[in-house]
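Coordinates from final-v1.csv are shown below (CSV, C-alpha atoms).
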```
chain,number,residue,atom,x,y,z
A,1,MET,CA,17.1,12.6,-32.9
A,2,VAL,CA,13.5,11.4,-33.1
A,3,ILE,CA,12.7,8.7,-30.6
A,4,PRO,CA,9.8,6.4,-31.5
A,5,LEU,CA,7.0,6.4,-29.1
A,6,PHE,CA,7.3,2.7,-28.3
A,7,GLN,CA,11.0,3.3,-27.3
A,8,SER,CA,10.3,6.5,-25.3
A,9,GLY,CA,7.7,4.7,-23.0
A,10,LEU,CA,5.0,7.2,-24.0
A,11,SER,CA,1.5,6.3,-25.0
A,12,GLU,CA,0.6,5.4,-28.6
A,13,GLN,CA,-2.7,6.0,-30.3
A,14,ALA,CA,-4.4,3.6,-32.7
A,15,PRO,CA,-4.9,5.1,-36.2
A,16,ARG,CA,-8.2,4.7,-38.1
A,17,VAL,CA,-7.7,2.2,-40.9
A,18,ASN,CA,-9.9,1.7,-44.0
A,19,ASP,CA,-9.0,-2.0,-44.7
A,20,LYS,CA,-10.3,-2.9,-48.1
A,21,ARG,CA,-9.2,-6.5,-48.0
A,22,VAL,CA,-11.8,-9.2,-48.7
A,23,ASP,CA,-11.8,-12.8,-47.4
A,24,GLU,CA,-11.7,-15.1,-50.4
A,25,ALA,CA,-13.6,-17.9,-48.7
A,26,THR,CA,-16.5,-15.8,-47.3
A,27,GLY,CA,-16.4,-12.7,-49.5
A,28,GLU,CA,-16.6,-10.5,-46.4
A,29,ARG,CA,-14.4,-7.6,-45.6
A,30,LYS,CA,-11.5,-8.3,-43.4
A,31,ARG,CA,-11.2,-6.4,-40.2
A,32,PHE,CA,-7.9,-4.7,-39.4
A,33,SER,CA,-6.3,-5.9,-36.1
A,34,SER,CA,-3.3,-4.0,-34.7
A,35,ALA,CA,-0.3,-6.0,-33.6
A,36,ILE,CA,0.5,-3.3,-31.0
A,37,LEU,CA,-2.9,-2.4,-29.4
A,38,PRO,CA,-5.8,-4.8,-28.6
A,39,PRO,CA,-9.0,-4.1,-30.6
A,40,TRP,CA,-10.8,-2.5,-27.7
A,41,CYS,CA,-8.0,-0.1,-26.9
A,42,ARG,CA,-7.8,3.4,-28.6
A,43,LYS,CA,-4.8,4.3,-26.5
A,44,SER,CA,-2.0,2.1,-25.0
A,45,PRO,CA,-2.5,1.3,-21.3
A,46,LYS,CA,0.5,3.6,-20.4
A,47,ILE,CA,-1.8,6.7,-20.6
A,48,SER,CA,-3.9,5.3,-17.8
A,49,GLU,CA,-0.9,5.9,-15.6
A,50,VAL,CA,0.0,9.3,-17.0
A,51,LEU,CA,-3.3,11.0,-16.7
A,52,PRO,CA,-3.8,10.4,-12.9
A,53,LEU,CA,-0.3,11.7,-12.3
A,54,LEU,CA,-1.0,14.9,-14.3
A,55,TYR,CA,-4.4,15.4,-12.5
A,56,LEU,CA,-2.8,15.0,-9.1
A,57,HIS,CA,-0.2,17.6,-10.1
A,58,GLY,CA,-3.0,20.1,-10.4
A,59,LEU,CA,-3.4,20.0,-14.2
A,60,SER,CA,-7.0,20.7,-15.2
A,61,SER,CA,-8.8,18.6,-17.8
A,62,GLY,CA,-8.5,21.5,-20.3
A,63,ASP,CA,-4.7,21.5,-20.0
A,64,PHE,CA,-4.3,17.8,-20.9
A,65,VAL,CA,-4.4,18.4,-24.7
A,66,PRO,CA,-1.6,21.0,-25.0
A,67,ALA,CA,0.4,19.0,-22.4
A,68,LEU,CA,0.3,15.7,-24.2
A,69,GLU,CA,-0.2,16.7,-27.8
A,70,GLN,CA,3.5,17.2,-28.4
A,71,PHE,CA,4.3,13.8,-27.0
A,72,LEU,CA,1.5,11.8,-28.6
A,73,GLY,CA,1.7,13.6,-32.0
A,74,SER,CA,-2.0,14.3,-32.0
A,75,SER,CA,-4.7,15.7,-29.7
A,76,ALA,CA,-7.3,13.2,-30.9
A,77,GLY,CA,-9.0,11.4,-28.1
A,78,LEU,CA,-7.7,13.8,-25.5
A,79,SER,CA,-10.4,16.4,-25.3
A,80,PRO,CA,-11.5,17.7,-21.9
A,81,ALA,CA,-14.7,15.7,-22.2
A,82,THR,CA,-12.7,12.5,-22.8
A,83,VAL,CA,-10.5,13.1,-19.8
A,84,THR,CA,-13.6,13.9,-17.7
A,85,ARG,CA,-15.1,10.5,-18.7
A,86,LEU,CA,-11.9,8.8,-17.7
A,87,THR,CA,-11.9,10.4,-14.3
A,88,GLN,CA,-15.5,9.4,-13.9
A,89,GLN,CA,-14.6,5.8,-14.8
A,90,TRP,CA,-11.8,5.8,-12.2
A,91,GLN,CA,-14.2,7.0,-9.6
A,92,ALA,CA,-16.5,4.2,-10.5
A,93,ASP,CA,-13.6,1.7,-10.4
A,94,HIS,CA,-12.7,3.0,-6.9
A,95,ALA,CA,-16.3,2.7,-5.7
A,96,ALA,CA,-16.5,-0.8,-7.0
A,97,PHE,CA,-13.2,-1.7,-5.4
A,98,MET,CA,-14.4,-0.5,-2.0
A,99,ASP,CA,-17.6,-2.5,-2.3
A,100,ARG,CA,-16.2,-5.8,-3.6
A,101,ASP,CA,-16.8,-9.1,-1.8
A,102,LEU,CA,-13.9,-10.1,0.5
A,103,SER,CA,-15.3,-13.4,1.7
A,104,ASP,CA,-13.1,-15.3,-0.9
A,105,VAL,CA,-9.9,-13.5,0.1
A,106,ASP,CA,-7.8,-14.4,3.1
A,107,TYR,CA,-5.4,-11.7,4.4
A,108,VAL,CA,-3.1,-13.3,6.9
A,109,TYR,CA,-1.0,-10.1,7.5
A,110,VAL,CA,-2.1,-6.5,7.1
A,111,TRP,CA,-0.3,-3.2,7.3
A,112,ALA,CA,-2.2,0.0,8.2
A,113,ASP,CA,-1.3,3.6,7.9
A,114,GLY,CA,-2.8,7.1,7.4
A,115,ILE,CA,-1.0,8.9,4.6
A,116,HIS,CA,-1.1,12.7,4.2
A,117,LEU,CA,-0.9,13.6,0.5
A,118,ASN,CA,-2.1,17.2,0.2
A,119,VAL,CA,-4.7,16.3,-2.4
A,120,ARG,CA,-8.3,17.5,-2.6
A,121,LEU,CA,-9.7,16.2,0.6
A,122,GLU,CA,-12.5,18.0,2.4
A,123,GLU,CA,-10.8,18.7,5.7
A,124,ALA,CA,-7.3,20.1,6.2
A,125,LYS,CA,-6.3,17.3,8.6
A,126,ALA,CA,-7.9,14.5,6.6
A,127,CYS,CA,-5.6,11.8,5.1
A,128,VAL,CA,-5.9,8.6,3.1
A,129,LEU,CA,-6.4,5.5,5.3
A,130,VAL,CA,-4.6,2.6,3.7
A,131,LEU,CA,-4.8,-1.2,4.3
A,132,ILE,CA,-2.4,-3.5,2.4
A,133,GLY,CA,-2.6,-7.3,3.1
A,134,VAL,CA,-0.7,-10.5,2.4
A,135,ARG,CA,-2.8,-13.3,1.0
A,136,ALA,CA,-2.3,-16.9,1.9
A,137,ASP,CA,-0.1,-17.4,-1.2
A,138,GLY,CA,2.3,-14.7,0.0
A,139,SER,CA,1.3,-12.0,-2.5
A,140,LYS,CA,0.6,-8.4,-1.4
A,141,GLU,CA,-2.6,-6.6,-2.3
A,142,LEU,CA,-4.4,-3.4,-1.6
A,143,VAL,CA,-7.3,-4.1,0.8
A,144,ALA,CA,-8.9,-0.7,1.3
A,145,LEU,CA,-8.3,3.0,0.6
A,146,LYS,CA,-10.5,5.8,1.8
A,147,ASP,CA,-10.2,9.2,3.5
A,148,GLY,CA,-10.4,9.8,7.2
A,149,TYR,CA,-8.4,10.9,10.2
A,150,ARG,CA,-5.2,9.2,11.1
A,151,GLU,CA,-5.6,9.3,14.9
A,152,SER,CA,-9.4,8.8,14.8
A,153,GLY,CA,-10.5,5.4,16.1
A,154,GLU,CA,-13.9,6.0,14.6
A,155,SER,CA,-12.6,6.7,11.1
A,156,TRP,CA,-10.6,3.4,11.2
A,157,ALA,CA,-13.6,1.5,12.8
A,158,ASP,CA,-15.8,2.6,10.0
A,159,LEU,CA,-13.3,1.2,7.5
A,160,MET,CA,-12.7,-2.0,9.4
A,161,ARG,CA,-16.5,-2.6,10.0
A,162,ASP,CA,-17.0,-2.2,6.3
A,163,CYS,CA,-14.3,-4.7,5.5
A,164,ALA,CA,-15.9,-7.2,8.0
A,165,ARG,CA,-19.3,-6.6,6.5
A,166,ARG,CA,-18.0,-7.6,3.1
A,167,GLY,CA,-16.6,-10.9,4.5
A,168,MET,CA,-13.0,-10.1,5.5
A,169,ARG,CA,-11.5,-12.6,8.0
A,170,ALA,CA,-9.6,-11.4,11.0
A,171,PRO,CA,-5.9,-11.2,10.0
A,172,VAL,CA,-3.4,-13.1,12.2
A,173,LEU,CA,-1.1,-10.0,12.6
A,174,ALA,CA,-1.6,-6.3,11.9
A,175,VAL,CA,1.3,-3.9,11.6
A,176,GLY,CA,1.1,-0.1,12.1
A,177,ASP,CA,2.2,3.0,13.9
A,178,GLY,CA,1.3,3.1,17.6
A,179,ALA,CA,-0.3,6.6,17.2
A,180,LEU,CA,-3.0,5.3,14.8
A,181,GLY,CA,-6.6,5.2,15.9
A,182,PHE,CA,-6.5,1.9,14.0
A,183,TRP,CA,-5.7,-0.1,17.1
A,184,LYS,CA,-8.9,0.8,18.9
A,185,ALA,CA,-10.8,-0.1,15.8
A,186,LEU,CA,-9.0,-3.4,15.4
A,187,ALA,CA,-9.7,-4.4,19.1
A,188,GLU,CA,-13.4,-3.7,18.4
A,189,VAL,CA,-13.8,-5.4,15.0
A,190,PHE,CA,-11.1,-8.1,15.0
A,191,PRO,CA,-10.1,-8.6,18.7
A,192,GLU,CA,-8.3,-11.9,17.9
A,193,THR,CA,-5.7,-10.2,15.6
A,194,ARG,CA,-2.3,-9.7,17.1
A,195,GLU,CA,-0.6,-6.3,17.1
A,196,GLU,CA,2.9,-5.3,15.8
A,197,ARG,CA,4.1,-1.7,16.2
A,198,CYS,CA,6.1,-0.3,13.3
A,199,TRP,CA,9.8,0.1,14.3
A,200,VAL,CA,10.4,3.0,11.8
A,201,HIS,CA,7.6,5.1,13.4
A,202,LYS,CA,8.7,4.0,16.9
A,203,THR,CA,12.3,4.9,16.3
A,204,ALA,CA,11.4,8.4,15.0
A,205,ASN,CA,9.1,8.9,17.9
A,206,VAL,CA,11.8,7.9,20.5
A,207,LEU,CA,14.5,10.0,18.9
A,208,ASP,CA,12.3,13.1,18.7
A,209,SER,CA,12.1,13.0,22.5
A,210,MET,CA,16.0,13.1,22.8
A,211,PRO,CA,18.6,15.8,22.1
A,212,LYS,CA,20.3,15.5,18.7
A,213,SER,CA,23.6,14.8,20.4
A,214,ALA,CA,22.2,11.5,21.9
A,215,GLN,CA,20.3,10.4,18.8
A,216,PRO,CA,23.0,8.6,16.8
A,217,GLY,CA,23.9,6.3,19.7
A,218,ALA,CA,20.3,5.7,20.6
A,219,LYS,CA,19.4,4.9,17.1
A,220,LYS,CA,22.1,2.1,17.0
A,221,ALA,CA,20.8,0.8,20.3
A,222,ILE,CA,17.3,0.6,19.0
A,223,GLN,CA,18.5,-1.2,15.8
A,224,ASP,CA,20.1,-3.8,18.1
A,225,ILE,CA,16.6,-4.5,19.5
A,226,TYR,CA,14.8,-5.2,16.2
A,227,ASN,CA,17.8,-6.8,14.5
A,228,ALA,CA,18.3,-9.3,17.4
A,229,GLU,CA,18.5,-13.0,16.5
A,230,ASP,CA,15.4,-13.9,18.6
A,231,ARG,CA,12.9,-12.5,21.1
A,232,ASP,CA,15.1,-13.2,24.2
A,233,HIS,CA,18.0,-11.3,22.7
A,234,ALA,CA,15.7,-8.5,21.7
A,235,ALA,CA,14.3,-8.3,25.3
A,236,GLN,CA,17.9,-8.1,26.6
A,237,ALA,CA,18.7,-5.3,24.1
A,238,ILE,CA,15.7,-3.4,25.5
A,239,LYS,CA,17.1,-3.7,29.0
A,240,THR,CA,20.4,-2.5,27.7
A,241,PHE,CA,18.7,0.5,26.1
A,242,ALA,CA,16.9,1.3,29.3
A,243,LYS,CA,20.1,1.1,31.3
A,244,LEU,CA,22.0,3.4,29.0
A,245,TYR,CA,19.3,6.1,28.5
A,246,GLY,CA,16.7,5.6,31.4
A,247,ALA,CA,18.3,8.0,33.8
A,248,LYS,CA,18.5,11.0,31.4
A,249,PHE,CA,15.7,10.2,29.0
A,250,PRO,CA,13.0,8.2,30.9
A,251,LYS,CA,10.2,9.3,28.6
A,252,ALA,CA,12.1,8.1,25.5
A,253,VAL,CA,12.8,4.7,27.2
A,254,LYS,CA,9.2,4.4,28.3
A,255,LYS,CA,8.0,4.7,24.7
A,256,ILE,CA,9.7,1.3,24.1
A,257,THR,CA,9.2,-0.5,27.4
A,258,ASP,CA,5.5,0.3,27.5
A,259,ASP,CA,5.0,-1.3,24.0
A,260,GLN,CA,7.5,-4.1,24.4
A,261,ASP,CA,5.0,-7.0,23.7
A,262,GLN,CA,3.6,-5.3,20.6
A,263,LEU,CA,7.1,-4.3,19.3
A,264,LEU,CA,8.4,-7.8,19.6
A,265,ALA,CA,5.4,-9.7,18.3
A,266,PHE,CA,7.0,-10.3,14.9
A,267,TYR,CA,9.5,-12.7,16.5
A,268,ASP,CA,6.7,-15.3,16.9
A,269,PHE,CA,6.4,-15.6,13.1
A,270,PRO,CA,8.7,-17.1,10.4
A,271,ALA,CA,12.2,-15.5,10.4
A,272,GLU,CA,11.8,-15.0,6.6
A,273,HIS,CA,8.9,-12.7,7.3
A,274,TRP,CA,10.5,-10.5,10.0
A,275,ILE,CA,11.8,-8.0,7.6
A,276,HIS,CA,8.3,-7.5,6.3
A,277,LEU,CA,6.5,-7.4,9.6
A,278,ARG,CA,8.5,-5.1,11.8
A,279,THR,CA,7.7,-1.9,9.7
A,280,THR,CA,4.9,-0.5,7.5
A,281,ASN,CA,7.4,-0.2,4.7
A,282,PRO,CA,5.1,-1.8,2.1
A,283,ILE,CA,2.8,1.2,2.5
A,284,GLU,CA,5.6,3.8,2.9
A,285,SER,CA,7.5,2.7,-0.1
A,286,THR,CA,4.4,2.8,-2.3
A,287,PHE,CA,3.2,6.2,-1.1
A,288,SER,CA,6.6,7.8,-1.1
A,289,THR,CA,6.3,7.7,-4.9
A,290,VAL,CA,2.8,9.0,-4.8
A,291,ARG,CA,3.8,11.8,-2.5
A,292,LEU,CA,6.5,12.9,-5.0
A,293,ARG,CA,3.9,13.2,-7.7
A,294,THR,CA,1.4,15.2,-5.7
A,295,LYS,CA,1.2,18.7,-4.5
A,296,VAL,CA,-1.3,21.1,-3.1
A,297,THR,CA,-3.9,21.8,-5.8
A,298,ARG,CA,-6.4,24.7,-5.7
A,299,GLY,CA,-8.3,24.2,-8.9
A,300,ALA,CA,-11.6,22.5,-9.6
A,301,GLY,CA,-11.9,19.0,-8.3
A,302,SER,CA,-13.5,16.9,-5.6
A,303,ARG,CA,-12.6,14.6,-2.8
A,304,THR,CA,-14.0,11.6,-4.7
A,305,ALA,CA,-11.9,12.4,-7.8
A,306,ALA,CA,-8.8,12.9,-5.8
A,307,LEU,CA,-9.2,9.5,-4.0
A,308,ALA,CA,-9.9,7.9,-7.3
A,309,MET,CA,-6.7,9.3,-8.7
A,310,VAL,CA,-4.7,8.0,-5.7
A,311,PHE,CA,-6.4,4.6,-6.1
A,312,LYS,CA,-5.4,4.4,-9.8
A,313,LEU,CA,-1.7,5.2,-8.9
A,314,VAL,CA,-1.6,2.5,-6.2
A,315,GLU,CA,-3.4,0.1,-8.4
A,316,SER,CA,-0.7,0.6,-11.0
A,317,ALA,CA,2.1,0.3,-8.4
A,318,GLN,CA,0.5,-2.9,-7.1
A,319,GLN,CA,1.4,-4.7,-10.4
A,320,ARG,CA,5.1,-4.4,-9.4
A,321,TRP,CA,4.8,-5.5,-5.8
A,322,ARG,CA,6.7,-8.7,-5.0
A,323,ALA,CA,5.5,-11.5,-2.7
A,324,VAL,CA,6.9,-11.8,0.8
A,325,ASN,CA,9.9,-14.0,1.4
A,326,ALA,CA,9.1,-17.7,1.8
A,327,PRO,CA,5.5,-17.2,0.7
A,328,HIS,CA,4.7,-20.9,1.3
A,329,LEU,CA,5.0,-20.2,5.1
A,330,VAL,CA,2.1,-17.7,5.1
A,331,ALA,CA,-0.5,-20.4,4.8
A,332,LEU,CA,1.1,-22.2,7.7
A,333,VAL,CA,0.8,-19.1,9.8
A,334,ARG,CA,-3.0,-19.0,9.1
A,335,THR,CA,-3.4,-22.6,10.1
A,336,GLY,CA,-1.8,-21.9,13.5
A,337,ALA,CA,1.6,-23.4,13.1
A,338,ARG,CA,4.0,-22.4,15.9
A,339,PHE,CA,7.4,-20.7,15.3
A,340,GLU,CA,10.2,-20.3,17.8
A,341,ALA,CA,13.2,-18.1,17.0
A,342,GLY,CA,11.7,-17.8,13.5
A,343,ARG,CA,11.7,-21.6,12.9
A,344,LEU,CA,8.7,-23.9,12.5
A,345,VAL,CA,8.4,-26.2,15.5
A,346,GLU,CA,4.8,-27.3,15.5
A,347,ARG,CA,2.2,-27.9,12.8
A,348,PRO,CA,-1.5,-27.9,13.5
A,349,GLU,CA,-1.8,-31.6,12.7
A,350,THR,CA,0.8,-32.3,15.3
A,351,LEU,CA,-1.3,-30.6,17.9
A,352,ALA,CA,-4.4,-32.5,16.8
A,353,ALA,CA,-2.5,-35.8,17.2
```
Kindly present the structure from the file in structure tokens form.
Amino acid sequence: MVIPLFQSGLSEQAPRVNDKRVDEATGERKRFSSAILPPWCRKSPKISEVLPLLYLHGLSSGDFVPALEQFLGSSAGLSPATVTRLTQQWQADHAAFMDRDLSDVDYVYVWADGIHLNVRLEEAKACVLVLIGVRADGSKELVALKDGYRESGESWADLMRDCARRGMRAPVLAVGDGALGFWKALAEVFPETREERCWVHKTANVLDSMPKSAQPGAKKAIQDIYNAEDRDHAAQAIKTFAKLYGAKFPKAVKKITDDQDQLLAFYDFPAEHWIHLRTTNPIESTFSTVRLRTKVTRGAGSRTAALAMVFKLVESAQQRWRAVNAPHLVALVRTGARFEAGRLVERPETLAA
């Protein structure tokens, strides 16, 4: 059975049309306009998602024609030179993105993480440093994406300084893994921003320091902490965890007790936002898909091209990101509204009165 391209989800190419119609009023030739593709588009937007995926899979520009010809029905417009021009355009898009003005954007929350993707970066231990933010209207948005070292404070400081130079305001809360060099950079560039440690990373880190036989019970005890109904109950759950495991696994317990303030910071924000703020899941969920579509590549390529491809993948994924729960509360967080047990108890105008 032959499946039409528009049903299969594959890209469609605009045919060349010799339209001989004449406008009766003006006597001029009519211009053909496709009902499927806009006039400026030679290929449907879907191919902009397909090509970065193939590139990151290690497919060279010369392999694109035989790989896609069977699906598109023609190799027209898919020459290596065309693909090269596209990759150059994506690099320009990424460069423009990383140099855009941030003074008109307000990121109230940010998530930070360093993602290892095994793409063409210059150093073996280099990774992609990612910042995703929540705007005052509750929508999520990619803030920055560049290469660096996950544990390096200087790599993160360079990224944060650049964001500040372009007008970025200090976020109210930043979420990330405790092992990141990001925290040192945040204290330097945006010292007023509060810190929240990611519970997914913290849980994995704690369990790694315990024997496998103790891990299932410890995991449930940790879940009791971050799923508690408020900060007081969470603090009590930490005491219970320390009592149960402190004697045998003091190092594991210390990983939580030493970071208690940073681990429980999310409780000072709207309860509707807790599920978003206690982990870096917005980054992890996006890059889990990117990871599945990348592998070690040893062909021709460059660090700049690889970052541009990752950027295009994330840019495409961003269109499907949903806003945080109760988005109207994000603006209140920025204005300094106070929340207790996740509920609004004081507005800034009340304080002023």
With all atoms of segment 138-155 of chain A from the file as input, state the centre and edge lengths in Å to one decimal of the axis-aligned box that has 5 Å extra on each side, as AutoDock Vina command-line options.
```
--center_x -5.8 --center_y -1.9 --center_z 6.8 --size_x 26.2 --size_y 35.6 --size_z 28.6
```
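Within 9 Å of Val333 of chain A, once all atoms listed in the file are used and residues closer than 5 positions along the same chain are dropped, the contacting residues are A:Val108, A:Ala136, A:Val172, A:Phe269, A:Pro270, A:Arg338, A:Phe339.
For Ser288 of chain A, the non-local neighbours within 10 Å, defined as residues at least 5 positions apart in the same chain or in other chains and counting all atoms listed in the file, are Ile115, Leu117, Asn281, Ile283 and Arg293 of chain A.
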Between A:Ser213, A:Ser152, A:Ser103, A:Ser139, which is the closest to Pro327 of chain A once you count only C-alpha atoms?
-> A:Ser139
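Minimum distance to Trp274 of chain A across A:Met309, A:Ala235, A:Leu173, A:Ile222 (counting all atoms listed in the file) occurs at A:Leu173.
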